[in-house]
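Shown here: structure-v8.txt, compact mmCIF, C-alpha atoms.
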# COMPACT_ATOMS: atom_id res chain seq x y z
CA LYS A 15 91.56 102.37 93.39
CA ALA A 16 94.81 104.23 94.09
CA GLY A 17 97.21 102.68 96.57
CA VAL A 18 98.92 104.24 99.54
CA THR A 19 100.97 107.25 98.53
CA GLN A 20 103.84 108.79 100.42
CA THR A 21 105.58 112.09 99.85
CA PRO A 22 108.30 112.92 99.40
CA ARG A 23 109.93 109.73 98.16
CA TYR A 24 113.44 110.89 98.98
CA LEU A 25 114.69 113.42 101.47
CA ILE A 26 118.11 114.59 102.60
CA LYS A 27 118.47 116.52 105.85
CA THR A 28 121.25 117.45 108.22
CA ARG A 29 121.57 116.67 111.89
CA GLY A 30 119.47 118.86 114.13
CA GLN A 31 116.87 119.67 111.49
CA GLN A 32 113.31 118.47 111.58
CA VAL A 33 111.34 116.69 108.89
CA THR A 34 107.71 115.99 108.06
CA LEU A 35 106.62 113.02 106.00
CA SER A 36 103.17 112.59 104.51
CA CYS A 37 101.01 109.56 103.85
CA SER A 38 97.70 109.32 102.02
CA PRO A 39 95.90 106.03 102.67
CA ILE A 40 93.81 104.06 100.24
CA SER A 41 90.46 105.73 99.74
CA GLY A 42 88.08 104.61 102.47
CA HIS A 43 90.83 103.38 104.78
CA ARG A 44 90.76 105.08 108.13
CA SER A 45 93.75 103.59 109.91
CA VAL A 46 97.33 104.58 109.17
CA SER A 47 100.42 102.96 110.67
CA TRP A 48 104.03 104.04 110.37
CA TYR A 49 107.12 101.83 110.37
CA GLN A 50 110.82 102.53 110.27
CA GLN A 51 113.01 100.20 108.22
CA THR A 52 116.79 100.12 108.69
CA PRO A 53 119.38 97.48 107.78
CA GLY A 54 120.35 97.03 111.41
CA GLN A 55 117.02 97.06 113.23
CA GLY A 56 114.77 95.87 110.44
CA LEU A 57 111.15 96.97 110.45
CA GLN A 58 109.96 98.64 113.61
CA PHE A 59 106.52 99.97 114.43
CA LEU A 60 106.30 103.68 115.15
CA PHE A 61 102.61 104.42 115.70
CA GLU A 62 99.08 103.88 114.45
CA TYR A 63 96.39 106.50 113.96
CA PHE A 64 92.69 105.98 113.61
CA SER A 65 90.03 108.68 113.47
CA GLU A 66 92.63 111.35 114.19
CA THR A 67 93.71 109.62 117.41
CA GLN A 68 96.92 107.79 118.15
CA ARG A 69 95.87 104.26 118.92
CA ASN A 70 99.19 102.50 119.42
CA LYS A 71 102.77 103.64 119.82
CA GLY A 72 106.06 101.81 119.41
CA ASN A 73 109.21 102.22 121.42
CA PHE A 74 110.61 105.39 119.89
CA PRO A 75 111.71 108.64 121.55
CA GLY A 76 109.43 111.63 121.75
CA ARG A 77 111.25 113.23 118.81
CA PHE A 78 109.03 111.05 116.66
CA SER A 79 105.46 112.25 116.49
CA GLY A 80 102.54 112.01 114.16
CA ARG A 81 99.04 113.12 113.49
CA GLN A 82 96.08 112.25 111.36
CA PHE A 83 93.68 114.57 109.65
CA SER A 84 89.93 114.26 109.17
CA ASN A 85 90.45 112.94 105.63
CA SER A 86 92.62 110.13 107.13
CA ARG A 87 95.83 111.51 105.66
CA SER A 88 98.67 111.25 108.13
CA GLU A 89 101.92 113.00 108.76
CA MET A 90 104.86 112.02 110.88
CA ASN A 91 107.40 114.45 112.20
CA VAL A 92 110.92 113.84 113.42
CA SER A 93 112.56 116.69 115.29
CA THR A 94 116.24 117.21 116.06
CA LEU A 95 117.34 114.66 113.50
CA GLU A 96 120.15 112.26 114.30
CA LEU A 97 122.32 110.22 111.94
CA GLY A 98 120.57 107.09 113.17
CA ASP A 99 117.24 108.36 111.91
CA SER A 100 118.35 107.61 108.35
CA ALA A 101 115.90 104.98 107.22
CA LEU A 102 113.06 104.03 104.94
CA TYR A 103 109.82 105.18 106.54
CA LEU A 104 106.86 103.09 105.51
CA CYS A 105 103.24 103.97 105.87
CA ALA A 106 100.52 101.34 105.82
CA SER A 107 96.78 101.75 105.73
CA SER A 108 93.91 99.52 106.69
CA LEU A 109 90.17 99.83 106.58
CA LEU A 110 89.64 99.94 110.32
CA ALA A 111 91.71 100.18 113.47
CA GLY A 112 93.52 97.04 114.41
CA GLU A 113 92.92 95.40 111.05
CA ASN A 114 95.56 92.85 110.45
CA GLU A 115 95.72 93.26 106.69
CA GLN A 116 97.73 96.38 106.01
CA PHE A 117 98.59 97.87 102.65
CA PHE A 118 101.96 99.54 102.38
CA GLY A 119 103.10 102.61 100.51
CA PRO A 120 106.42 102.89 98.65
CA GLY A 121 108.10 104.61 101.56
CA THR A 122 110.12 107.77 102.08
CA ARG A 123 113.87 107.34 102.06
CA LEU A 124 115.31 109.76 104.63
CA THR A 125 119.04 110.41 104.70
CA VAL A 126 120.47 112.42 107.58
CA LEU A 127 123.93 113.91 107.00
CA ALA B 18 107.05 90.77 123.87
CA GLN B 19 106.53 88.76 120.75
CA THR B 20 109.56 87.98 118.62
CA VAL B 21 109.77 86.75 115.07
CA THR B 22 112.89 84.93 113.88
CA GLN B 23 113.92 84.26 110.31
CA SER B 24 117.06 82.17 110.50
CA GLN B 25 117.92 82.31 106.80
CA PRO B 26 119.33 85.72 105.79
CA GLU B 27 119.66 84.56 102.17
CA MET B 28 118.23 81.77 100.07
CA SER B 29 118.69 80.80 96.45
CA VAL B 30 116.44 78.80 94.13
CA GLN B 31 116.45 77.93 90.46
CA GLU B 32 113.58 78.88 88.25
CA ALA B 33 110.74 76.35 88.33
CA GLU B 34 112.04 74.80 91.54
CA THR B 35 110.53 74.92 95.02
CA VAL B 36 111.94 76.79 97.98
CA THR B 37 110.90 76.99 101.62
CA LEU B 38 111.55 80.00 103.83
CA SER B 39 111.56 79.47 107.58
CA CYS B 40 110.01 81.54 110.33
CA THR B 41 109.56 80.93 114.03
CA TYR B 42 107.86 83.16 116.54
CA ASP B 43 107.41 83.44 120.23
CA THR B 44 104.12 84.34 121.86
CA SER B 45 101.98 83.44 124.82
CA GLU B 46 98.79 84.44 123.01
CA SER B 47 96.38 81.95 121.52
CA ASP B 48 94.70 84.28 119.04
CA TYR B 49 96.96 85.93 116.52
CA TYR B 50 97.76 86.31 112.84
CA LEU B 51 100.82 85.47 110.81
CA PHE B 52 101.85 86.96 107.50
CA TRP B 53 104.43 86.75 104.79
CA TYR B 54 105.24 90.00 103.03
CA LYS B 55 107.34 90.41 99.91
CA GLN B 56 109.49 93.50 99.28
CA PRO B 57 111.08 93.57 95.80
CA PRO B 58 114.14 95.81 95.33
CA SER B 59 113.10 99.46 95.41
CA ARG B 60 109.46 98.49 95.33
CA GLN B 61 106.79 98.50 97.92
CA MET B 62 105.90 95.77 100.32
CA ILE B 63 103.01 93.52 99.36
CA LEU B 64 101.16 90.87 101.30
CA VAL B 65 101.81 87.37 100.02
CA ILE B 66 99.77 85.25 102.38
CA ARG B 67 98.16 85.34 105.82
CA GLN B 68 97.21 82.71 108.38
CA GLU B 69 94.83 82.98 111.31
CA ALA B 70 96.10 81.03 114.29
CA TYR B 71 92.71 79.54 115.06
CA LYS B 72 92.58 77.90 111.63
CA GLN B 73 94.24 74.53 111.42
CA GLN B 74 94.19 74.47 107.65
CA ASN B 75 97.30 75.90 106.03
CA ALA B 76 96.73 78.95 103.84
CA THR B 77 97.41 78.75 100.11
CA GLU B 78 97.61 81.47 97.46
CA ASN B 79 98.40 80.10 94.01
CA ARG B 80 102.10 79.09 94.09
CA PHE B 81 102.51 80.20 97.70
CA SER B 82 101.58 78.04 100.65
CA VAL B 83 102.44 77.92 104.32
CA ASN B 84 103.19 75.18 106.80
CA PHE B 85 101.75 76.43 110.08
CA GLN B 86 102.77 74.43 113.12
CA LYS B 87 101.11 76.16 116.07
CA ALA B 88 102.57 73.99 118.81
CA ALA B 89 106.07 74.42 117.42
CA LYS B 90 105.42 78.13 116.72
CA SER B 91 106.66 77.69 113.20
CA PHE B 92 105.33 79.35 110.04
CA SER B 93 107.25 78.50 106.87
CA LEU B 94 106.52 79.73 103.35
CA LYS B 95 106.77 77.42 100.37
CA ILE B 96 107.11 78.90 96.91
CA SER B 97 106.45 76.41 94.13
CA ASP B 98 107.49 76.77 90.49
CA SER B 99 109.72 79.74 91.37
CA GLN B 100 109.81 82.61 88.91
CA LEU B 101 112.35 85.39 88.37
CA GLY B 102 109.76 87.84 89.67
CA ASP B 103 109.78 86.09 93.03
CA ALA B 104 113.21 87.53 93.80
CA ALA B 105 112.76 89.84 96.78
CA MET B 106 113.12 90.22 100.52
CA TYR B 107 110.53 88.15 102.32
CA PHE B 108 109.40 89.17 105.76
CA CYS B 109 107.51 87.03 108.20
CA ALA B 110 105.25 89.05 110.50
CA TYR B 111 103.14 88.44 113.57
CA SER B 112 100.16 90.39 114.83
CA ASN B 113 98.27 89.93 118.02
CA SER B 114 94.74 90.75 116.98
CA GLY B 115 94.31 94.48 116.79
CA TYR B 116 97.94 95.39 117.26
CA ALA B 117 100.88 96.34 115.11
CA LEU B 118 102.79 94.01 112.85
CA ASN B 119 105.95 92.58 114.38
CA PHE B 120 108.41 91.68 111.63
CA GLY B 121 111.32 89.29 111.35
CA LYS B 122 114.65 90.47 109.90
CA GLY B 123 113.82 89.10 106.48
CA THR B 124 115.14 86.53 104.02
CA SER B 125 116.62 87.65 100.72
CA LEU B 126 115.52 85.27 97.97
CA LEU B 127 117.58 85.00 94.81
CA VAL B 128 116.06 83.25 91.81
CA THR B 129 118.51 81.99 89.20
CA PRO B 130 117.64 81.11 85.58

Please express what this file holds, its structure, as structure tokens.
Amino acid sequence: KAGVTQTPRYLIKTRGQQVTLSCSPISGHRSVSWYQQTPGQGLQFLFEYFSETQRNKGNFPGRFSGRQFSNSRSEMNVSTLELGDSALYLCASSLLAGENEQFFGPGTRLTVL
Amino acid sequence: AQTVTQSQPEMSVQEAETVTLSCTYDTSESDYYLFWYKQPPSRQMILVIRQEAYKQQNATENRFSVNFQKAAKSFSLKISDSQLGDAAMYFCAYSNSGYALNFGKGTSLLVTP
């Protein structure tokens, strides 16, 4: 069974631009969570989607948004990029909402110049 | 809010030796889950071991075991017979049933021949 996949793996953007990251969960998994990983703040929860609905949201500004499609694939969008948005964005999937065992993808490395 | 503290930014161990990584957490909940995740350099995060708070017995997975002290809110990871492949960042994480993972800052483990 294929693991969690994330595209693209690397991305370079400039301040003020917007970016969309994609995550495909493990087949059969219906919950997708997003995390931001930076050297300073560590791993921080962004949001969780289940059945196309946002179930939980972390403490991030409204520039960070996401959605989930009927096939459970998820996208997250960051608008008006700032230098501080440079990070590794990790996606994790689980079978059901609120499942504690999450399986992580390789991440998308976003660099904002 | 729950916090997870890993007081050892870096640890070193020789091959075949045993090392213990520390983790403490703060919560007022009685039902929760604790995890140790491993993130090798440039590779994706994988779950090493998990512990349900209601279980008194410490979890064990092959060479990995935990020492869960609920009253002290302590959750340490012991790696026995360390191998070169164990070198990675190790993250302790907490989850209140049904909610997002809350990670510590991580411990970088170096394994020397």

*Taking all atoms listed in the file into account, report as a PyMOL selection string which residues of chain A lie within 7 Å of chain B.*
chain A and resi 56-57+59+112-114+118-120

Just C-alpha atoms for this one: save the residues we selected as a PDB file, in the coordinates of the input.
ATOM      1  CA  GLY A  56     114.770  95.870 110.440  1.00  0.00           C
ATOM      2  CA  LEU A  57     111.150  96.970 110.450  1.00  0.00           C
ATOM      3  CA  PHE A  59     106.520  99.970 114.430  1.00  0.00           C
ATOM      4  CA  GLY A 112      93.520  97.040 114.410  1.00  0.00           C
ATOM      5  CA  GLU A 113      92.920  95.400 111.050  1.00  0.00           C
ATOM      6  CA  ASN A 114      95.560  92.850 110.450  1.00  0.00           C
ATOM      7  CA  PHE A 118     101.960  99.540 102.380  1.00  0.00           C
ATOM      8  CA  GLY A 119     103.100 102.610 100.510  1.00  0.00           C
ATOM      9  CA  PRO A 120     106.420 102.890  98.650  1.00  0.00           C
TER      10      PRO A 120
END

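Between CA of Glu34 in chain B and CA of Lys87 in chain B lies a distance of 26.9 Å.
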
*Can you tell me, as a VMD selection string, what residues are no more than 12 Å from Leu95 in chain A when counting all atoms listed in the file, ignoring any on the same chain fewer than 5 positions away?*
chain A and resid 26 to 34 75 to 78 100 to 101 124 to 127

*Which residues, written as a PyMOL selection string, have at least one atom at most 12 Å from Gln74 in chain B, with all atoms listed in the file counted and residues fewer than 3 positions away on the same chain left out?*
chain B and resi 67-71+77+82-87

*asked:* Which residue is closest to Gly42 in chain A? Choose from A:Ser86, A:Ser93, A:Ala106, A:Gly98 and count all atoms listed in the file.
replied: A:Ser86

*So which residues are close to (110.0, 77.6, 91.1), meaning at most 12 Å away in the file's coordinates with all atoms listed in the file counted, and can you show them as a list of chain:residue names?*
B:Ser29, B:Val30, B:Gln31, B:Glu32, B:Ala33, B:Glu34, B:Thr35, B:Val36, B:Thr37, B:Arg80, B:Phe81, B:Lys95, B:Ile96, B:Ser97, B:Asp98, B:Ser99, B:Gln100, B:Leu101, B:Gly102, B:Asp103, B:Ala104, B:Leu126, B:Leu127, B:Val128, B:Thr129, B:Pro130

*Pick out the residues sitting within 9 Å of Tyr49 in chain A, and hand them over as a list in words; count only C-alpha atoms, and ignore anything fewer than 4 positions along from it in its own chain.*
Leu57, Gln58, Phe59, Leu60, Phe61, Leu102, Tyr103, Leu104, Cys105 and Ala106 of chain A

*Have a look at A:Glu115, A:Glu62, A:Glu89, A:Glu96 and name the one nearest to Ser47 in chain A; count all atoms listed in the file.*
A:Glu62

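One distance worth recording is that between CA of Arg87 in chain A and CA of Ser38 in chain A, which is 4.6 Å.
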
*Need the neighbours of (106.2, 109.1, 100.6): which residues are at most 7 Å away, counting only C-alpha atoms, as a PyMOL selection string?*
chain A and resi 19-23+35-37+120-122

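Rounded to one decimal, CA of Glu66 in chain A and CA of Gly17 in chain A lie 20.2 Å from each other.
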